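Visitor: Mind having a look at this structure? Questions to follow.
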Amino acid sequence: MPKSHIDFLKSGHPFIEDNNRVFLHGGFNPDLPISKQPTEFLVWDRTLINTAWKKHLLKKECKLGKYEEIFLGHTPTEIYRNTSPIHACNIWALDTGAGWSGRLTIMDVDTKEYWQSGLTIDLYEGLPGRQ
């Protein structure tokens with residue numbers, strides 16, 4: 001990999017806070033300051049979305065952590081039998097499975113309007129992958 005690509009990836013931030021919202025890949029412990037949590041946890045955690053989804057299924061109103069909205073990826077919404085973004089508590093889960101057989105999704109986080117690609121298994125038919 002070119003050094004410029006490696007430098008770019010190393011300069012990334014594990015989370016971004018903006019207007020009482022937070023954006024990250026995985027999840028975090030909402031009872032602790034996000035800045036004090038291990039990067040590995042911020043990248044790979046699934047506990048936060050799983051907790052929110054369980055409360056959603058029980059039709060419980062909830063807010064996890066201090067942020068008005070939390071946007072994350074890492075856990076494909078297909079796990080929850082959904083091919084579009086899901087909203088549970090104050091969390092938006094945007095990973096719709098493009099790395100496997102689902103769709104790539106982008107969202108306007110202000111309006112919650114989103115756009116999706118076709119299914120990756122249709123777009124890359126015949127190519128070996130993570131199917």
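Here's how to read the names in the structure tokens: chain A, B, ... by the order shown, residue numbers from 1 in each chain, ligand numbers from 1 in the order shown.
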Applying 8 Å and only C-alpha atoms, which residues near Trp92 in chain A remain after dropping the ones on its own chain fewer than 2 positions away? List them as a list in words.
Guide: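 After dropping sequence-adjacent residues, the list is Glu69, Ile70, Phe71, Leu72, Pro85, Ile86, His87, Ala88, Asn90 and Leu94 of chain A.
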Visitor: For C-alpha atoms, I'd like the residues from the last selection saved as a PDB file, in the first residue's frame.
Guide:
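Contents of the output file out-v6.pdb:
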```pdb
ATOM      1  CA  GLU A  69     -28.150  11.171  17.990  1.00  0.00           C
ATOM      2  CA  ILE A  70     -25.571   8.456  17.450  1.00  0.00           C
ATOM      3  CA  PHE A  71     -24.676   7.308  13.928  1.00  0.00           C
ATOM      4  CA  LEU A  72     -22.781   4.068  13.509  1.00  0.00           C
ATOM      5  CA  PRO A  85     -30.976   1.965   8.027  1.00  0.00           C
ATOM      6  CA  ILE A  86     -32.586   1.324  11.382  1.00  0.00           C
ATOM      7  CA  HIS A  87     -33.438   3.795  14.113  1.00  0.00           C
ATOM      8  CA  ALA A  88     -33.571   2.480  17.671  1.00  0.00           C
ATOM      9  CA  ASN A  90     -31.277   7.669  19.654  1.00  0.00           C
ATOM     10  CA  LEU A  94     -26.285   2.704   8.715  1.00  0.00           C
TER      11      LEU A  94
END
```
Visitor: Wanna dump the range 53-115 of chain A-range 27-41 of chain A contacts at 10 Å for me, each residue with its shortest atom pair and the distance in Å to one decimal, counting only C-alpha atoms, ordered by chain and number, as a Markdown table?
Guide:
```
| residue | atom | partner | partner_atom | distance |
| --- | --- | --- | --- | --- |
| A:Lys63 | CA | A:Pro30 | CA | 9.7 |
| A:Leu64 | CA | A:Pro30 | CA | 6.1 |
| A:Gly65 | CA | A:Pro30 | CA | 4.2 |
| A:Lys66 | CA | A:Pro30 | CA | 7.3 |
| A:Tyr67 | CA | A:Pro30 | CA | 9.0 |
| A:Ile70 | CA | A:Gly27 | CA | 9.0 |
| A:Phe71 | CA | A:Gly27 | CA | 9.1 |
| A:Leu72 | CA | A:Gly27 | CA | 6.9 |
| A:Gly73 | CA | A:Gly27 | CA | 8.5 |
| A:His74 | CA | A:Gly27 | CA | 8.6 |
| A:Thr75 | CA | A:Gly27 | CA | 9.5 |
```
Visitor: Would you save the residues of that selection, restricted to N, CA and C atoms, as a PDB file, in the first residue's frame?
Guide:
```
ATOM      1  N   LYS A  63     -32.959   6.676  25.531  1.00  0.00           N
ATOM      2  CA  LYS A  63     -31.847   7.480  25.040  1.00  0.00           C
ATOM      3  C   LYS A  63     -30.607   6.902  25.689  1.00  0.00           C
ATOM      4  N   LEU A  64     -29.662   6.467  24.879  1.00  0.00           N
ATOM      5  CA  LEU A  64     -28.437   5.878  25.390  1.00  0.00           C
ATOM      6  C   LEU A  64     -27.332   6.918  25.307  1.00  0.00           C
ATOM      7  N   GLY A  65     -26.747   7.229  26.429  1.00  0.00           N
ATOM      8  CA  GLY A  65     -25.665   8.207  26.467  1.00  0.00           C
ATOM      9  C   GLY A  65     -26.160   9.635  26.425  1.00  0.00           C
ATOM     10  N   LYS A  66     -25.214  10.546  26.287  1.00  0.00           N
ATOM     11  CA  LYS A  66     -25.514  11.978  26.369  1.00  0.00           C
ATOM     12  C   LYS A  66     -25.887  12.616  25.030  1.00  0.00           C
ATOM     13  N   TYR A  67     -25.620  11.930  23.920  1.00  0.00           N
ATOM     14  CA  TYR A  67     -25.834  12.523  22.598  1.00  0.00           C
ATOM     15  C   TYR A  67     -27.297  12.438  22.174  1.00  0.00           C
ATOM     16  N   ILE A  70     -26.789   9.237  17.633  1.00  0.00           N
ATOM     17  CA  ILE A  70     -25.571   8.456  17.450  1.00  0.00           C
ATOM     18  C   ILE A  70     -25.694   7.766  16.098  1.00  0.00           C
ATOM     19  N   PHE A  71     -24.686   7.940  15.246  1.00  0.00           N
ATOM     20  CA  PHE A  71     -24.676   7.308  13.928  1.00  0.00           C
ATOM     21  C   PHE A  71     -23.520   6.318  13.897  1.00  0.00           C
ATOM     22  N   LEU A  72     -23.824   5.072  13.533  1.00  0.00           N
ATOM     23  CA  LEU A  72     -22.781   4.068  13.509  1.00  0.00           C
ATOM     24  C   LEU A  72     -22.959   3.077  12.375  1.00  0.00           C
ATOM     25  N   GLY A  73     -21.919   2.309  12.166  1.00  0.00           N
ATOM     26  CA  GLY A  73     -21.910   1.256  11.152  1.00  0.00           C
ATOM     27  C   GLY A  73     -21.553  -0.052  11.820  1.00  0.00           C
ATOM     28  N   HIS A  74     -20.742  -0.840  11.172  1.00  0.00           N
ATOM     29  CA  HIS A  74     -20.158  -2.081  11.667  1.00  0.00           C
ATOM     30  C   HIS A  74     -21.135  -3.239  11.817  1.00  0.00           C
ATOM     31  N   THR A  75     -22.326  -3.020  12.288  1.00  0.00           N
ATOM     32  CA  THR A  75     -23.289  -4.111  12.488  1.00  0.00           C
ATOM     33  C   THR A  75     -24.337  -4.037  11.389  1.00  0.00           C
TER      34      THR A  75
END
```
Visitor: Run DSSP on the backbone and give me the residues of chain A it puts in strand (DSSP E or B), as number ranges by chain.
Guide: A: 15-18, 21-24, 69-72, 86-88, 91-93, 97, 103, 105-107, 114-116
Visitor: Write the residues of the selection above to a file with N, CA and C atoms, as a PDB file, in the first residue's frame.
Guide:
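Output below, filename again29.pdb:
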```pdb
ATOM      1  N   PHE A  15     -13.814   8.791  16.218  1.00  0.00           N
ATOM      2  CA  PHE A  15     -15.181   9.295  16.320  1.00  0.00           C
ATOM      3  C   PHE A  15     -15.160  10.788  16.006  1.00  0.00           C
ATOM      4  N   ILE A  16     -16.324  11.306  15.650  1.00  0.00           N
ATOM      5  CA  ILE A  16     -16.477  12.738  15.407  1.00  0.00           C
ATOM      6  C   ILE A  16     -17.717  13.203  16.145  1.00  0.00           C
ATOM      7  N   GLU A  17     -17.571  14.256  16.940  1.00  0.00           N
ATOM      8  CA  GLU A  17     -18.703  14.866  17.637  1.00  0.00           C
ATOM      9  C   GLU A  17     -19.084  16.143  16.895  1.00  0.00           C
ATOM     10  N   ASP A  18     -20.388  16.357  16.710  1.00  0.00           N
ATOM     11  CA  ASP A  18     -20.866  17.537  16.000  1.00  0.00           C
ATOM     12  C   ASP A  18     -22.304  17.828  16.412  1.00  0.00           C
ATOM     13  N   ARG A  21     -24.237  15.333  18.328  1.00  0.00           N
ATOM     14  CA  ARG A  21     -24.303  14.045  17.631  1.00  0.00           C
ATOM     15  C   ARG A  21     -22.898  13.458  17.648  1.00  0.00           C
ATOM     16  N   VAL A  22     -22.837  12.134  17.516  1.00  0.00           N
ATOM     17  CA  VAL A  22     -21.538  11.480  17.402  1.00  0.00           C
ATOM     18  C   VAL A  22     -21.608  10.469  16.256  1.00  0.00           C
ATOM     19  N   PHE A  23     -20.499  10.378  15.538  1.00  0.00           N
ATOM     20  CA  PHE A  23     -20.383   9.480  14.395  1.00  0.00           C
ATOM     21  C   PHE A  23     -19.192   8.561  14.657  1.00  0.00           C
ATOM     22  N   LEU A  24     -19.403   7.247  14.543  1.00  0.00           N
ATOM     23  CA  LEU A  24     -18.324   6.301  14.758  1.00  0.00           C
ATOM     24  C   LEU A  24     -18.645   5.005  14.053  1.00  0.00           C
ATOM     25  N   GLU A  69     -28.151  12.193  19.027  1.00  0.00           N
ATOM     26  CA  GLU A  69     -28.150  11.171  17.990  1.00  0.00           C
ATOM     27  C   GLU A  69     -26.765  10.538  17.891  1.00  0.00           C
ATOM     28  N   ILE A  70     -26.789   9.237  17.633  1.00  0.00           N
ATOM     29  CA  ILE A  70     -25.571   8.456  17.450  1.00  0.00           C
ATOM     30  C   ILE A  70     -25.694   7.766  16.098  1.00  0.00           C
ATOM     31  N   PHE A  71     -24.686   7.940  15.246  1.00  0.00           N
ATOM     32  CA  PHE A  71     -24.676   7.308  13.928  1.00  0.00           C
ATOM     33  C   PHE A  71     -23.520   6.318  13.897  1.00  0.00           C
ATOM     34  N   LEU A  72     -23.824   5.072  13.533  1.00  0.00           N
ATOM     35  CA  LEU A  72     -22.781   4.068  13.509  1.00  0.00           C
ATOM     36  C   LEU A  72     -22.959   3.077  12.375  1.00  0.00           C
ATOM     37  N   ILE A  86     -31.619   1.472  10.300  1.00  0.00           N
ATOM     38  CA  ILE A  86     -32.586   1.324  11.382  1.00  0.00           C
ATOM     39  C   ILE A  86     -32.362   2.419  12.420  1.00  0.00           C
ATOM     40  N   HIS A  87     -33.458   2.786  13.060  1.00  0.00           N
ATOM     41  CA  HIS A  87     -33.438   3.795  14.113  1.00  0.00           C
ATOM     42  C   HIS A  87     -33.990   3.150  15.374  1.00  0.00           C
ATOM     43  N   ALA A  88     -33.164   3.065  16.395  1.00  0.00           N
ATOM     44  CA  ALA A  88     -33.571   2.480  17.671  1.00  0.00           C
ATOM     45  C   ALA A  88     -33.028   3.376  18.772  1.00  0.00           C
ATOM     46  N   ILE A  91     -30.207   6.023  18.253  1.00  0.00           N
ATOM     47  CA  ILE A  91     -29.146   5.475  17.413  1.00  0.00           C
ATOM     48  C   ILE A  91     -29.646   5.212  15.995  1.00  0.00           C
ATOM     49  N   TRP A  92     -28.828   5.582  15.037  1.00  0.00           N
ATOM     50  CA  TRP A  92     -29.045   5.254  13.634  1.00  0.00           C
ATOM     51  C   TRP A  92     -27.969   4.268  13.217  1.00  0.00           C
ATOM     52  N   ALA A  93     -28.362   3.093  12.790  1.00  0.00           N
ATOM     53  CA  ALA A  93     -27.426   2.080  12.294  1.00  0.00           C
ATOM     54  C   ALA A  93     -27.473   2.134  10.767  1.00  0.00           C
ATOM     55  N   GLY A  97     -24.994  -3.742   4.910  1.00  0.00           N
ATOM     56  CA  GLY A  97     -24.453  -4.993   4.413  1.00  0.00           C
ATOM     57  C   GLY A  97     -23.718  -4.980   3.090  1.00  0.00           C
ATOM     58  N   ARG A 103     -26.565  -3.711   0.616  1.00  0.00           N
ATOM     59  CA  ARG A 103     -26.506  -2.461  -0.144  1.00  0.00           C
ATOM     60  C   ARG A 103     -25.566  -1.467   0.531  1.00  0.00           C
ATOM     61  N   THR A 105     -25.278   2.320   1.649  1.00  0.00           N
ATOM     62  CA  THR A 105     -26.244   3.354   2.004  1.00  0.00           C
ATOM     63  C   THR A 105     -25.529   4.628   2.405  1.00  0.00           C
ATOM     64  N   ILE A 106     -26.059   5.761   1.942  1.00  0.00           N
ATOM     65  CA  ILE A 106     -25.629   7.071   2.427  1.00  0.00           C
ATOM     66  C   ILE A 106     -26.865   7.783   2.950  1.00  0.00           C
ATOM     67  N   MET A 107     -26.664   8.634   3.965  1.00  0.00           N
ATOM     68  CA  MET A 107     -27.800   9.320   4.583  1.00  0.00           C
ATOM     69  C   MET A 107     -27.477  10.787   4.782  1.00  0.00           C
ATOM     70  N   TYR A 114     -32.249   8.901   2.805  1.00  0.00           N
ATOM     71  CA  TYR A 114     -31.109   8.066   2.464  1.00  0.00           C
ATOM     72  C   TYR A 114     -31.262   7.501   1.058  1.00  0.00           C
ATOM     73  N   TRP A 115     -30.118   7.092   0.519  1.00  0.00           N
ATOM     74  CA  TRP A 115     -30.050   6.517  -0.814  1.00  0.00           C
ATOM     75  C   TRP A 115     -29.264   5.224  -0.719  1.00  0.00           C
ATOM     76  N   GLN A 116     -29.650   4.254  -1.550  1.00  0.00           N
ATOM     77  CA  GLN A 116     -28.985   2.960  -1.498  1.00  0.00           C
ATOM     78  C   GLN A 116     -28.605   2.480  -2.899  1.00  0.00           C
TER      79      GLN A 116
END
```
Visitor: From a DSSP pass on the backbone, collect the residues of range 48-122 of chain A flagged as helix (DSSP H, G or I) and hand them back as number ranges by chain.
Guide: A: 48-57, 77-80, 120-122
